[in-house]
>>> print(open('model.txt').read())   # compact mmCIF, C-alpha atoms
# COMPACT_ATOMS: atom_id res chain seq x y z
CA MET T 251 -20.11 -34.60 15.15
CA LYS T 252 -16.52 -35.66 14.97
CA PRO T 253 -14.33 -36.04 18.04
CA GLU T 254 -12.49 -32.80 18.49
CA MET T 255 -10.02 -30.80 20.55
CA PRO T 256 -11.89 -27.56 21.05
CA TRP T 257 -9.43 -25.73 23.32
CA GLY T 258 -6.32 -26.29 21.31
CA GLY T 259 -5.79 -23.04 19.40
CA GLY T 260 -3.71 -19.94 19.97
CA ARG T 261 -4.56 -16.97 22.15
CA ILE T 262 -5.97 -13.71 20.72
CA LEU T 263 -4.69 -10.26 21.77
CA GLU T 264 -6.42 -7.03 20.80
CA LEU T 265 -4.19 -4.43 19.11
CA ASP T 266 -4.31 -0.72 19.88
CA THR T 267 -5.14 1.77 17.12
CA GLU T 268 -1.57 3.00 16.70
CA GLU T 269 -0.28 -0.52 16.17
CA CYS T 270 -3.09 -1.18 13.67
CA TRP T 271 -2.02 1.79 11.52
CA GLU T 272 1.62 0.79 11.74
CA LEU T 273 0.89 -2.78 10.62
CA MET T 274 -1.38 -1.59 7.78
CA GLY T 275 1.26 0.83 6.56
CA GLY T 276 3.86 -1.92 6.55
CA ARG T 277 1.98 -4.06 4.05
CA GLU T 278 1.31 -3.17 0.43
CA THR T 279 -1.88 -5.16 -0.11
CA GLY T 280 -5.15 -5.66 1.69
CA ARG T 281 -8.77 -6.39 0.84
CA VAL T 282 -11.72 -4.11 0.41
CA GLY T 283 -15.20 -5.43 1.18
CA TRP T 284 -18.66 -4.05 0.57
CA GLY T 285 -22.23 -5.11 -0.10
CA GLY T 286 -23.53 -4.60 -3.64
CA PRO T 287 -26.27 -5.86 -5.93
CA GLU T 288 -24.32 -9.09 -6.53
CA GLY T 289 -23.99 -9.72 -2.81
CA GLN T 290 -21.04 -9.33 -0.50
CA THR T 291 -17.72 -8.72 -2.22
CA ILE T 292 -14.11 -8.92 -1.05
CA HIS T 293 -11.39 -7.87 -3.51
CA PRO T 294 -7.65 -7.77 -2.95
CA VAL T 295 -6.01 -4.44 -3.73
CA ASN T 296 -2.75 -2.65 -3.13
CA HIS T 297 -3.11 0.31 -0.85
CA ALA T 298 -1.44 3.29 0.75
CA VAL T 299 -2.00 4.85 4.14
CA GLY T 300 -1.98 8.63 4.53
CA ASN T 301 -3.65 11.47 6.40
CA GLY T 302 -5.63 9.13 8.61
CA ALA T 303 -7.19 7.29 5.69
CA VAL T 304 -6.63 4.24 3.49
CA TRP T 305 -6.22 4.93 -0.24
CA LEU T 306 -6.86 2.67 -3.22
CA ARG T 307 -6.96 3.18 -6.98
CA THR T 308 -9.42 1.64 -9.37
CA THR T 309 -10.82 1.84 -12.89
CA ALA T 310 -13.87 3.98 -13.65
CA TYR T 311 -15.92 0.88 -14.52
CA SER T 312 -14.91 -1.42 -11.65
CA SER T 313 -17.57 -2.84 -9.35
CA LEU T 314 -15.87 -0.91 -6.54
CA ALA T 315 -16.29 2.40 -8.41
CA ARG T 316 -19.86 1.60 -9.45
CA GLU T 317 -21.12 0.25 -6.15
CA ALA T 318 -19.16 1.60 -3.21
CA ASP T 319 -19.04 5.41 -3.54
CA GLU T 320 -20.20 7.01 -0.28
CA SER T 321 -21.08 3.52 1.00
CA PRO T 322 -19.95 1.57 4.05
CA VAL T 323 -16.86 -0.49 3.31
CA ALA T 324 -14.36 -2.62 5.17
CA PHE T 325 -10.64 -2.72 4.52
CA GLN T 326 -8.63 -5.56 5.96
CA VAL T 327 -4.94 -6.40 6.08
CA ASP T 328 -3.43 -9.49 7.63
CA ASP T 329 -0.29 -11.56 7.83
CA ILE T 330 -0.89 -15.10 9.05
CA ASP T 331 1.68 -17.84 8.97
CA ASP T 332 0.44 -21.30 8.05
CA VAL T 333 3.29 -23.07 9.86
CA THR T 334 3.12 -21.35 13.25
CA ARG T 335 -0.60 -20.63 12.85
CA ALA T 336 0.09 -17.16 14.23
CA GLY T 337 -0.22 -13.67 12.85
CA TRP T 338 -2.32 -10.54 12.90
CA SER T 339 -5.26 -8.88 11.20
CA VAL T 340 -6.37 -5.25 11.05
CA LEU T 341 -9.88 -4.14 10.12
CA VAL T 342 -10.84 -0.63 9.05
CA ARG T 343 -14.53 0.17 8.90
CA GLY T 344 -15.59 3.37 7.21
CA THR T 345 -17.02 5.06 4.16
CA ALA T 346 -15.54 5.05 0.66
CA HIS T 347 -15.17 8.48 -0.89
CA LEU T 348 -14.29 8.42 -4.59
CA THR T 349 -12.39 11.11 -6.50
CA TRP T 350 -13.04 10.93 -10.24
CA PRO T 351 -10.71 12.23 -12.96
CA GLY T 352 -10.95 15.99 -13.21
CA GLU T 353 -12.11 16.40 -9.64
CA ALA T 354 -9.82 18.32 -7.35
CA ALA T 355 -7.99 15.97 -5.02
CA ARG T 356 -5.74 16.83 -2.14
CA ASP T 357 -3.27 14.87 -0.08
CA LEU T 358 -3.06 11.91 -2.48
CA PRO T 359 -0.32 9.52 -1.35
CA GLU T 360 2.21 7.73 -3.53
CA LEU T 361 0.37 4.70 -4.89
CA GLU T 362 1.29 2.79 -8.04
CA PRO T 363 -1.38 0.27 -9.10
CA TRP T 364 -0.25 -3.35 -9.30
CA VAL T 365 -2.74 -4.15 -12.05
CA GLU T 366 -2.45 -2.94 -15.64
CA GLY T 367 -4.83 -0.42 -17.18
CA LEU T 368 -5.79 3.13 -16.44
CA ARG T 369 -6.87 3.45 -12.81
CA PRO T 370 -7.78 7.09 -12.49
CA VAL T 371 -10.31 6.78 -9.67
CA TRP T 372 -8.95 7.31 -6.18
CA VAL T 373 -10.80 5.64 -3.34
CA GLN T 374 -10.35 7.17 0.08
CA ILE T 375 -11.60 5.06 2.96
CA ARG T 376 -12.39 7.38 5.84
CA PRO T 377 -12.32 5.25 8.98
CA THR T 378 -15.01 5.19 11.59
CA ALA T 379 -13.33 2.33 13.47
CA VAL T 380 -9.89 0.72 13.33
CA THR T 381 -9.43 -2.56 15.19
CA GLY T 382 -6.95 -5.38 15.12
CA ARG T 383 -6.01 -8.68 16.65
CA ARG T 384 -2.92 -10.76 17.01
CA LEU T 385 -3.09 -14.54 17.09
CA LEU T 386 -0.27 -15.89 19.24
CA PRO T 387 1.37 -19.21 18.47
CA ARG T 388 0.16 -22.10 20.64
CA MET Z 273 -2.56 14.85 -9.16
CA LYS Z 274 0.88 13.31 -9.08
CA PRO Z 275 2.68 12.27 -12.25
CA GLU Z 276 2.00 8.59 -12.71
CA MET Z 277 2.54 5.49 -14.81
CA PRO Z 278 -0.99 4.22 -15.22
CA TRP Z 279 -0.33 1.26 -17.54
CA GLY Z 280 2.48 -0.29 -15.61
CA GLY Z 281 0.87 -3.16 -13.69
CA GLY Z 282 0.45 -6.87 -14.29
CA ARG Z 283 -2.18 -8.56 -16.39
CA ILE Z 284 -5.32 -10.18 -14.89
CA LEU Z 285 -6.59 -13.63 -15.93
CA GLU Z 286 -9.98 -14.99 -14.87
CA LEU Z 287 -9.88 -18.44 -13.22
CA ASP Z 288 -12.38 -21.18 -13.95
CA THR Z 289 -14.53 -22.59 -11.14
CA GLU Z 290 -12.58 -25.84 -10.81
CA GLU Z 291 -9.32 -23.98 -10.37
CA CYS Z 292 -10.96 -21.70 -7.79
CA TRP Z 293 -11.99 -24.69 -5.65
CA GLU Z 294 -8.57 -26.26 -5.98
CA LEU Z 295 -6.80 -23.07 -4.89
CA MET Z 296 -9.21 -22.56 -1.98
CA GLY Z 297 -8.71 -26.13 -0.81
CA GLY Z 298 -4.94 -25.67 -0.92
CA ARG Z 299 -4.92 -22.86 1.63
CA GLU Z 300 -5.88 -23.16 5.28
CA THR Z 301 -7.03 -19.59 5.91
CA GLY Z 302 -9.27 -17.09 4.20
CA ARG Z 303 -11.54 -14.21 5.16
CA VAL Z 304 -15.25 -14.06 5.72
CA GLY Z 305 -17.10 -10.81 5.03
CA TRP Z 306 -20.61 -9.64 5.79
CA GLY Z 307 -22.62 -6.54 6.57
CA GLY Z 308 -23.83 -6.14 10.13
CA PRO Z 309 -25.05 -3.44 12.50
CA GLU Z 310 -21.46 -2.23 13.01
CA GLY Z 311 -20.91 -1.92 9.26
CA GLN Z 312 -18.99 -4.07 6.86
CA THR Z 313 -16.79 -6.69 8.49
CA ILE Z 314 -13.93 -8.85 7.19
CA HIS Z 315 -12.46 -11.43 9.58
CA PRO Z 316 -9.67 -13.91 8.91
CA VAL Z 317 -10.54 -17.52 9.66
CA ASN Z 318 -9.21 -20.98 8.98
CA HIS Z 319 -11.47 -23.00 6.74
CA ALA Z 320 -12.16 -26.33 5.12
CA VAL Z 321 -13.71 -27.13 1.78
CA GLY Z 322 -16.14 -30.03 1.41
CA ASN Z 323 -19.31 -31.09 -0.36
CA GLY Z 324 -19.39 -28.00 -2.53
CA ALA Z 325 -19.29 -25.63 0.41
CA VAL Z 326 -16.84 -23.68 2.57
CA TRP Z 327 -16.85 -24.52 6.29
CA LEU Z 328 -15.79 -22.41 9.26
CA ARG Z 329 -16.07 -22.78 13.02
CA THR Z 330 -16.88 -20.04 15.48
CA THR Z 331 -17.96 -19.34 19.03
CA ALA Z 332 -21.64 -19.03 19.92
CA TYR Z 333 -21.19 -15.35 20.83
CA SER Z 334 -19.04 -14.20 17.91
CA SER Z 335 -20.23 -11.38 15.67
CA LEU Z 336 -20.26 -13.91 12.83
CA ALA Z 337 -22.65 -16.19 14.74
CA ARG Z 338 -24.83 -13.30 15.90
CA GLU Z 339 -25.05 -11.42 12.62
CA ALA Z 340 -24.51 -13.68 9.64
CA ASP Z 341 -26.84 -16.68 10.00
CA GLU Z 342 -28.87 -17.11 6.80
CA SER Z 343 -27.34 -13.87 5.50
CA PRO Z 344 -25.32 -13.06 2.39
CA VAL Z 345 -21.60 -13.49 3.03
CA ALA Z 346 -18.38 -13.45 1.06
CA PHE Z 347 -15.45 -15.78 1.59
CA GLN Z 348 -12.13 -14.86 0.05
CA VAL Z 349 -8.77 -16.60 -0.19
CA ASP Z 350 -5.68 -15.18 -1.83
CA ASP Z 351 -1.95 -15.62 -2.17
CA ILE Z 352 -0.18 -12.51 -3.40
CA ASP Z 353 3.57 -12.06 -3.42
CA ASP Z 354 4.86 -8.62 -2.51
CA VAL Z 355 8.11 -9.08 -4.43
CA THR Z 356 6.79 -10.26 -7.80
CA ARG Z 357 3.48 -8.42 -7.28
CA ALA Z 358 1.75 -11.50 -8.64
CA GLY Z 359 -0.71 -13.98 -7.20
CA TRP Z 360 -4.32 -15.04 -7.15
CA SER Z 361 -7.58 -14.43 -5.33
CA VAL Z 362 -10.77 -16.50 -5.12
CA LEU Z 363 -14.14 -15.09 -4.05
CA VAL Z 364 -17.10 -17.18 -2.92
CA ARG Z 365 -20.43 -15.43 -2.63
CA GLY Z 366 -23.23 -17.20 -0.87
CA THR Z 367 -25.32 -17.62 2.24
CA ALA Z 368 -24.07 -18.60 5.68
CA HIS Z 369 -25.95 -21.48 7.27
CA LEU Z 370 -25.13 -22.06 10.95
CA THR Z 371 -25.33 -25.35 12.82
CA TRP Z 372 -25.62 -24.83 16.55
CA PRO Z 373 -24.56 -27.35 19.22
CA GLY Z 374 -27.16 -30.09 19.51
CA GLU Z 375 -28.45 -29.62 16.00
CA ALA Z 376 -27.99 -32.53 13.66
CA ALA Z 377 -25.15 -31.89 11.24
CA ARG Z 378 -24.08 -33.96 8.29
CA ASP Z 379 -20.99 -34.02 6.14
CA LEU Z 380 -18.87 -31.92 8.48
CA PRO Z 381 -15.26 -31.84 7.25
CA GLU Z 382 -12.11 -32.13 9.33
CA LEU Z 383 -11.51 -28.64 10.71
CA GLU Z 384 -9.48 -27.81 13.81
CA PRO Z 385 -9.86 -24.18 14.93
CA TRP Z 386 -6.67 -22.12 15.04
CA VAL Z 387 -7.97 -19.95 17.87
CA GLU Z 388 -8.39 -21.08 21.47
CA GLY Z 389 -11.79 -21.51 23.09
CA LEU Z 390 -14.82 -23.61 22.43
CA ARG Z 391 -15.97 -23.12 18.84
CA PRO Z 392 -19.04 -25.32 18.60
CA VAL Z 393 -20.86 -23.42 15.86
CA TRP Z 394 -20.27 -24.66 12.33
CA VAL Z 395 -20.71 -22.15 9.53
CA GLN Z 396 -21.45 -23.57 6.13
CA ILE Z 397 -21.14 -21.11 3.26
CA ARG Z 398 -23.34 -22.34 0.44
CA PRO Z 399 -22.02 -20.72 -2.72
CA THR Z 400 -24.12 -18.92 -5.26
CA ALA Z 401 -21.04 -17.78 -7.22
CA VAL Z 402 -17.37 -18.78 -7.20
CA THR Z 403 -14.98 -16.54 -9.11
CA GLY Z 404 -11.26 -15.97 -9.16
CA ARG Z 405 -8.47 -14.04 -10.76
CA ARG Z 406 -4.77 -14.44 -11.25
CA LEU Z 407 -2.48 -11.41 -11.37
CA LEU Z 408 0.48 -12.19 -13.61
CA PRO Z 409 3.92 -10.72 -12.94
CA ARG Z 410 4.80 -7.71 -15.09
>>> encode(input="model.txt", output="structure tokens")
Amino acid sequence: MKPEMPWGGGRILELDTEECWELMGGRETGRVGWGGPEGQTIHPVNHAVGNGAVWLRTTAYSSLAREADESPVAFQVDDIDDVTRAGWSVLVRGTAHLTWPGEAARDLPELEPWVEGLRPVWVQIRPTAVTGRRLLPR
Amino acid sequence: MKPEMPWGGGRILELDTEECWELMGGRETGRVGWGGPEGQTIHPVNHAVGNGAVWLRTTAYSSLAREADESPVAFQVDDIDDVTRAGWSVLVRGTAHLTWPGEAARDLPELEPWVEGLRPVWVQIRPTAVTGRRLLPR
């Protein structure tokens, strides 16, 4: 083992649920994670927040559309500064509910995909838990 | 459904493995994802790259230490710009191998935890697949 300075990092504060939603809504991109046949996956995606859920859009043939419908997923947003080594992270755990083209969908938020190509599948992440942490500067 | 502009986003390019490692090594933080008893989890963490693996440090009582040893995990690093809506993301899939205090460990990289508290557990993510994508500006 190398010599080390194990106590040197910043302090962690837990965020309340309201602050988690506010921080998530203030960023345009996050990451969706799930377990599929190829193992654990984390993909970046632009998102919207609305009606107590997180919304994504995807193609009909994406791994997300093929593997995650009605499955447990995580959605994570963070903003961490490399210089101050401080920032925050919000984690939404829940189930992905997909709306395919032609299916009736209600309460869809404004959400323009950042990636080219037809992305007609809406992914609604219905949260079972929303948690967050702030890392304070040293 | 709202009126929409489905073809408007940026183009995606696949990255080769060498470029993925280079990009990962150039950032200090990423996110580790796994499936545990509380569902899917994604946690931000500072990392090092060395000997063909990704290395993290954690506490002995963290959910990562309790749930992910010898389990499938994902490690993801990205850098996406909200203004240009362009950037990149690298995904490592593999297995987490934990080294507990007192166990012999070889080839540990330099890695100072960003979070306070004793973090004596080393997490080595041994990759089975390394993939990445670049999102070009529109």
>>> atom_distance(input="model.txt", atom1="atom CA of Val304 of chain Z", atom2="atom CA of Gly276 of chain T")
22.7 Å
>>> calpha_fit_and_write(input="model.txt", fixed="chain Z", moving="chain T", output="PDB file with C-alpha atoms, in the coordinates of the input")
ATOM      1  CA  MET T 251      -2.526  14.852  -9.118  1.00  0.00           C
ATOM      2  CA  LYS T 252       0.907  13.351  -9.065  1.00  0.00           C
ATOM      3  CA  PRO T 253       2.728  12.268 -12.208  1.00  0.00           C
ATOM      4  CA  GLU T 254       2.036   8.610 -12.679  1.00  0.00           C
ATOM      5  CA  MET T 255       2.572   5.513 -14.793  1.00  0.00           C
ATOM      6  CA  PRO T 256      -0.959   4.242 -15.194  1.00  0.00           C
ATOM      7  CA  TRP T 257      -0.328   1.285 -17.520  1.00  0.00           C
ATOM      8  CA  GLY T 258       2.476  -0.311 -15.618  1.00  0.00           C
ATOM      9  CA  GLY T 259       0.851  -3.161 -13.687  1.00  0.00           C
ATOM     10  CA  GLY T 260       0.429  -6.866 -14.287  1.00  0.00           C
ATOM     11  CA  ARG T 261      -2.202  -8.567 -16.403  1.00  0.00           C
ATOM     12  CA  ILE T 262      -5.332 -10.171 -14.890  1.00  0.00           C
ATOM     13  CA  LEU T 263      -6.606 -13.624 -15.940  1.00  0.00           C
ATOM     14  CA  GLU T 264      -9.977 -14.994 -14.877  1.00  0.00           C
ATOM     15  CA  LEU T 265      -9.890 -18.438 -13.228  1.00  0.00           C
ATOM     16  CA  ASP T 266     -12.393 -21.192 -13.950  1.00  0.00           C
ATOM     17  CA  THR T 267     -14.542 -22.596 -11.136  1.00  0.00           C
ATOM     18  CA  GLU T 268     -12.589 -25.839 -10.816  1.00  0.00           C
ATOM     19  CA  GLU T 269      -9.320 -23.981 -10.369  1.00  0.00           C
ATOM     20  CA  CYS T 270     -10.965 -21.697  -7.788  1.00  0.00           C
ATOM     21  CA  TRP T 271     -11.988 -24.683  -5.639  1.00  0.00           C
ATOM     22  CA  GLU T 272      -8.568 -26.258  -5.987  1.00  0.00           C
ATOM     23  CA  LEU T 273      -6.793 -23.068  -4.887  1.00  0.00           C
ATOM     24  CA  MET T 274      -9.203 -22.551  -1.961  1.00  0.00           C
ATOM     25  CA  GLY T 275      -8.702 -26.116  -0.798  1.00  0.00           C
ATOM     26  CA  GLY T 276      -4.944 -25.685  -0.904  1.00  0.00           C
ATOM     27  CA  ARG T 277      -4.924 -22.866   1.629  1.00  0.00           C
ATOM     28  CA  GLU T 278      -5.893 -23.158   5.279  1.00  0.00           C
ATOM     29  CA  THR T 279      -7.035 -19.588   5.898  1.00  0.00           C
ATOM     30  CA  GLY T 280      -9.272 -17.081   4.198  1.00  0.00           C
ATOM     31  CA  ARG T 281     -11.544 -14.203   5.155  1.00  0.00           C
ATOM     32  CA  VAL T 282     -15.253 -14.055   5.706  1.00  0.00           C
ATOM     33  CA  GLY T 283     -17.090 -10.796   5.032  1.00  0.00           C
ATOM     34  CA  TRP T 284     -20.605  -9.633   5.769  1.00  0.00           C
ATOM     35  CA  GLY T 285     -22.632  -6.533   6.541  1.00  0.00           C
ATOM     36  CA  GLY T 286     -23.841  -6.127  10.126  1.00  0.00           C
ATOM     37  CA  PRO T 287     -25.052  -3.427  12.488  1.00  0.00           C
ATOM     38  CA  GLU T 288     -21.463  -2.216  12.987  1.00  0.00           C
ATOM     39  CA  GLY T 289     -20.925  -1.903   9.251  1.00  0.00           C
ATOM     40  CA  GLN T 290     -18.994  -4.073   6.852  1.00  0.00           C
ATOM     41  CA  THR T 291     -16.792  -6.696   8.472  1.00  0.00           C
ATOM     42  CA  ILE T 292     -13.940  -8.852   7.185  1.00  0.00           C
ATOM     43  CA  HIS T 293     -12.456 -11.434   9.568  1.00  0.00           C
ATOM     44  CA  PRO T 294      -9.678 -13.911   8.890  1.00  0.00           C
ATOM     45  CA  VAL T 295     -10.541 -17.524   9.657  1.00  0.00           C
ATOM     46  CA  ASN T 296      -9.218 -20.985   8.974  1.00  0.00           C
ATOM     47  CA  HIS T 297     -11.472 -22.992   6.742  1.00  0.00           C
ATOM     48  CA  ALA T 298     -12.163 -26.329   5.124  1.00  0.00           C
ATOM     49  CA  VAL T 299     -13.704 -27.124   1.773  1.00  0.00           C
ATOM     50  CA  GLY T 300     -16.134 -30.025   1.427  1.00  0.00           C
ATOM     51  CA  ASN T 301     -19.298 -31.103  -0.355  1.00  0.00           C
ATOM     52  CA  GLY T 302     -19.378 -28.012  -2.528  1.00  0.00           C
ATOM     53  CA  ALA T 303     -19.294 -25.634   0.419  1.00  0.00           C
ATOM     54  CA  VAL T 304     -16.832 -23.685   2.563  1.00  0.00           C
ATOM     55  CA  TRP T 305     -16.843 -24.520   6.286  1.00  0.00           C
ATOM     56  CA  LEU T 306     -15.782 -22.413   9.258  1.00  0.00           C
ATOM     57  CA  ARG T 307     -16.066 -22.783  13.025  1.00  0.00           C
ATOM     58  CA  THR T 308     -16.880 -20.049  15.475  1.00  0.00           C
ATOM     59  CA  THR T 309     -17.966 -19.342  19.040  1.00  0.00           C
ATOM     60  CA  ALA T 310     -21.651 -19.026  19.922  1.00  0.00           C
ATOM     61  CA  TYR T 311     -21.196 -15.344  20.821  1.00  0.00           C
ATOM     62  CA  SER T 312     -19.036 -14.201  17.893  1.00  0.00           C
ATOM     63  CA  SER T 313     -20.231 -11.375  15.663  1.00  0.00           C
ATOM     64  CA  LEU T 314     -20.263 -13.914  12.823  1.00  0.00           C
ATOM     65  CA  ALA T 315     -22.654 -16.199  14.744  1.00  0.00           C
ATOM     66  CA  ARG T 316     -24.836 -13.302  15.889  1.00  0.00           C
ATOM     67  CA  GLU T 317     -25.037 -11.419  12.615  1.00  0.00           C
ATOM     68  CA  ALA T 318     -24.501 -13.680   9.630  1.00  0.00           C
ATOM     69  CA  ASP T 319     -26.850 -16.677  10.001  1.00  0.00           C
ATOM     70  CA  GLU T 320     -28.872 -17.118   6.799  1.00  0.00           C
ATOM     71  CA  SER T 321     -27.341 -13.865   5.507  1.00  0.00           C
ATOM     72  CA  PRO T 322     -25.320 -13.065   2.399  1.00  0.00           C
ATOM     73  CA  VAL T 323     -21.607 -13.485   3.015  1.00  0.00           C
ATOM     74  CA  ALA T 324     -18.384 -13.441   1.051  1.00  0.00           C
ATOM     75  CA  PHE T 325     -15.454 -15.766   1.580  1.00  0.00           C
ATOM     76  CA  GLN T 326     -12.136 -14.869   0.043  1.00  0.00           C
ATOM     77  CA  VAL T 327      -8.777 -16.599  -0.205  1.00  0.00           C
ATOM     78  CA  ASP T 328      -5.683 -15.187  -1.839  1.00  0.00           C
ATOM     79  CA  ASP T 329      -1.956 -15.621  -2.164  1.00  0.00           C
ATOM     80  CA  ILE T 330      -0.177 -12.511  -3.406  1.00  0.00           C
ATOM     81  CA  ASP T 331       3.554 -12.068  -3.441  1.00  0.00           C
ATOM     82  CA  ASP T 332       4.862  -8.633  -2.523  1.00  0.00           C
ATOM     83  CA  VAL T 333       8.122  -9.091  -4.444  1.00  0.00           C
ATOM     84  CA  THR T 334       6.776 -10.259  -7.806  1.00  0.00           C
ATOM     85  CA  ARG T 335       3.481  -8.421  -7.279  1.00  0.00           C
ATOM     86  CA  ALA T 336       1.732 -11.505  -8.639  1.00  0.00           C
ATOM     87  CA  GLY T 337      -0.707 -13.993  -7.209  1.00  0.00           C
ATOM     88  CA  TRP T 338      -4.328 -15.037  -7.154  1.00  0.00           C
ATOM     89  CA  SER T 339      -7.590 -14.435  -5.341  1.00  0.00           C
ATOM     90  CA  VAL T 340     -10.770 -16.501  -5.113  1.00  0.00           C
ATOM     91  CA  LEU T 341     -14.139 -15.103  -4.058  1.00  0.00           C
ATOM     92  CA  VAL T 342     -17.097 -17.185  -2.916  1.00  0.00           C
ATOM     93  CA  ARG T 343     -20.429 -15.424  -2.638  1.00  0.00           C
ATOM     94  CA  GLY T 344     -23.245 -17.211  -0.877  1.00  0.00           C
ATOM     95  CA  THR T 345     -25.328 -17.620   2.237  1.00  0.00           C
ATOM     96  CA  ALA T 346     -24.077 -18.605   5.687  1.00  0.00           C
ATOM     97  CA  HIS T 347     -25.951 -21.486   7.265  1.00  0.00           C
ATOM     98  CA  LEU T 348     -25.120 -22.049  10.934  1.00  0.00           C
ATOM     99  CA  THR T 349     -25.337 -25.353  12.814  1.00  0.00           C
ATOM    100  CA  TRP T 350     -25.598 -24.840  16.570  1.00  0.00           C
ATOM    101  CA  PRO T 351     -24.565 -27.366  19.229  1.00  0.00           C
ATOM    102  CA  GLY T 352     -27.159 -30.092  19.531  1.00  0.00           C
ATOM    103  CA  GLU T 353     -28.425 -29.619  16.005  1.00  0.00           C
ATOM    104  CA  ALA T 354     -27.983 -32.535  13.666  1.00  0.00           C
ATOM    105  CA  ALA T 355     -25.146 -31.887  11.251  1.00  0.00           C
ATOM    106  CA  ARG T 356     -24.071 -33.960   8.311  1.00  0.00           C
ATOM    107  CA  ASP T 357     -20.987 -34.025   6.150  1.00  0.00           C
ATOM    108  CA  LEU T 358     -18.845 -31.922   8.506  1.00  0.00           C
ATOM    109  CA  PRO T 359     -15.248 -31.843   7.261  1.00  0.00           C
ATOM    110  CA  GLU T 360     -12.091 -32.126   9.337  1.00  0.00           C
ATOM    111  CA  LEU T 361     -11.505 -28.638  10.720  1.00  0.00           C
ATOM    112  CA  GLU T 362      -9.471 -27.805  13.816  1.00  0.00           C
ATOM    113  CA  PRO T 363      -9.857 -24.170  14.931  1.00  0.00           C
ATOM    114  CA  TRP T 364      -6.658 -22.129  15.052  1.00  0.00           C
ATOM    115  CA  VAL T 365      -7.959 -19.946  17.870  1.00  0.00           C
ATOM    116  CA  GLU T 366      -8.400 -21.100  21.463  1.00  0.00           C
ATOM    117  CA  GLY T 367     -11.792 -21.516  23.108  1.00  0.00           C
ATOM    118  CA  LEU T 368     -14.835 -23.607  22.442  1.00  0.00           C
ATOM    119  CA  ARG T 369     -15.983 -23.115  18.852  1.00  0.00           C
ATOM    120  CA  PRO T 370     -19.032 -25.312  18.605  1.00  0.00           C
ATOM    121  CA  VAL T 371     -20.858 -23.414  15.864  1.00  0.00           C
ATOM    122  CA  TRP T 372     -20.271 -24.654  12.339  1.00  0.00           C
ATOM    123  CA  VAL T 373     -20.703 -22.153   9.540  1.00  0.00           C
ATOM    124  CA  GLN T 374     -21.453 -23.574   6.125  1.00  0.00           C
ATOM    125  CA  ILE T 375     -21.144 -21.121   3.262  1.00  0.00           C
ATOM    126  CA  ARG T 376     -23.333 -22.355   0.437  1.00  0.00           C
ATOM    127  CA  PRO T 377     -22.010 -20.734  -2.729  1.00  0.00           C
ATOM    128  CA  THR T 378     -24.113 -18.927  -5.252  1.00  0.00           C
ATOM    129  CA  ALA T 379     -21.048 -17.797  -7.219  1.00  0.00           C
ATOM    130  CA  VAL T 380     -17.377 -18.780  -7.208  1.00  0.00           C
ATOM    131  CA  THR T 381     -14.975 -16.544  -9.121  1.00  0.00           C
ATOM    132  CA  GLY T 382     -11.261 -15.982  -9.163  1.00  0.00           C
ATOM    133  CA  ARG T 383      -8.468 -14.043 -10.762  1.00  0.00           C
ATOM    134  CA  ARG T 384      -4.778 -14.435 -11.245  1.00  0.00           C
ATOM    135  CA  LEU T 385      -2.478 -11.431 -11.365  1.00  0.00           C
ATOM    136  CA  LEU T 386       0.478 -12.188 -13.620  1.00  0.00           C
ATOM    137  CA  PRO T 387       3.893 -10.711 -12.942  1.00  0.00           C
ATOM    138  CA  ARG T 388       4.758  -7.695 -15.106  1.00  0.00           C
TER     139      ARG T 388
END
>>> atom_distance(input="model.txt", atom1="atom CA of Leu328 of chain Z", atom2="atom CA of Leu383 of chain Z")
7.7 Å
>>> closest_residue(input="model.txt", among="Z:Asn323, Z:Thr367, Z:Ser343, Z:Gln348", to="chain T", atoms="only C-alpha atoms")
Z:Gln348
>>> atom_distance(input="model.txt", atom1="atom CA of Ala376 of chain Z", atom2="atom CA of Val393 of chain Z")
11.8 Å
>>> residues_near_point(input="model.txt", point="(-9.1, 8.8, 1.0)", cutoff="8 Å", atoms="only C-alpha atoms", output="number ranges by chain")
T: 300, 303-306, 346-348, 358, 372-376
>>> residues_around(input="model.txt", residues="Thr289 of chain Z", least_positions_apart="3", cutoff="10 Å", atoms="all atoms listed in the file", output="short mmCIF file (atom, residue, chain, number, x, y, z; two decimals) with C-alpha atoms, in the frame of the given file")
data_model
loop_
_atom_site.label_atom_id
_atom_site.label_comp_id
_atom_site.auth_asym_id
_atom_site.auth_seq_id
_atom_site.Cartn_x
_atom_site.Cartn_y
_atom_site.Cartn_z
CA GLU Z 286 -9.98 -14.99 -14.87
CA CYS Z 292 -10.96 -21.70 -7.79
CA TRP Z 293 -11.99 -24.69 -5.65
CA GLU Z 294 -8.57 -26.26 -5.98
CA LEU Z 295 -6.80 -23.07 -4.89
CA VAL Z 362 -10.77 -16.50 -5.12
CA ALA Z 401 -21.04 -17.78 -7.22
CA VAL Z 402 -17.37 -18.78 -7.20
CA THR Z 403 -14.98 -16.54 -9.11
CA GLY Z 404 -11.26 -15.97 -9.16
#
>>> interface_residues(input="model.txt", of="chain T", to="chain Z", cutoff="7 Å", atoms="only C-alpha atoms", output="list in words")
Met251, Pro256, Trp257, Gly258, Gly259, Gly260, Arg261, Gly283, Trp284, Gly285, Gly289, Gln290, Thr291, Ile292, Pro322, Val323, Ala324, Gln326, Arg335, Leu341, Arg343, Ala355, Pro363, Trp364, Val365, Glu366, Gly367, Leu368 and Arg369 of chain T
>>> axis_aligned_box(input="model.txt", around="segment 355-361 of chain Z", padding_each_side="6 Å", output="AutoDock Vina command-line options")
--center_x 0.3 --center_y -11.7 --center_z -6.5 --size_x 27.7 --size_y 18.6 --size_z 16.2
>>> closest_residue(input="model.txt", among="T:Val299, T:Gly337, T:Thr309, T:Thr349", to="Arg384 of chain T", atoms="all atoms listed in the file")
T:Gly337
>>> closest_residue(input="model.txt", among="Z:Glu342, Z:Gly324, Z:Thr330, Z:Ala337", to="Met296 of chain Z", atoms="all atoms listed in the file")
Z:Gly324
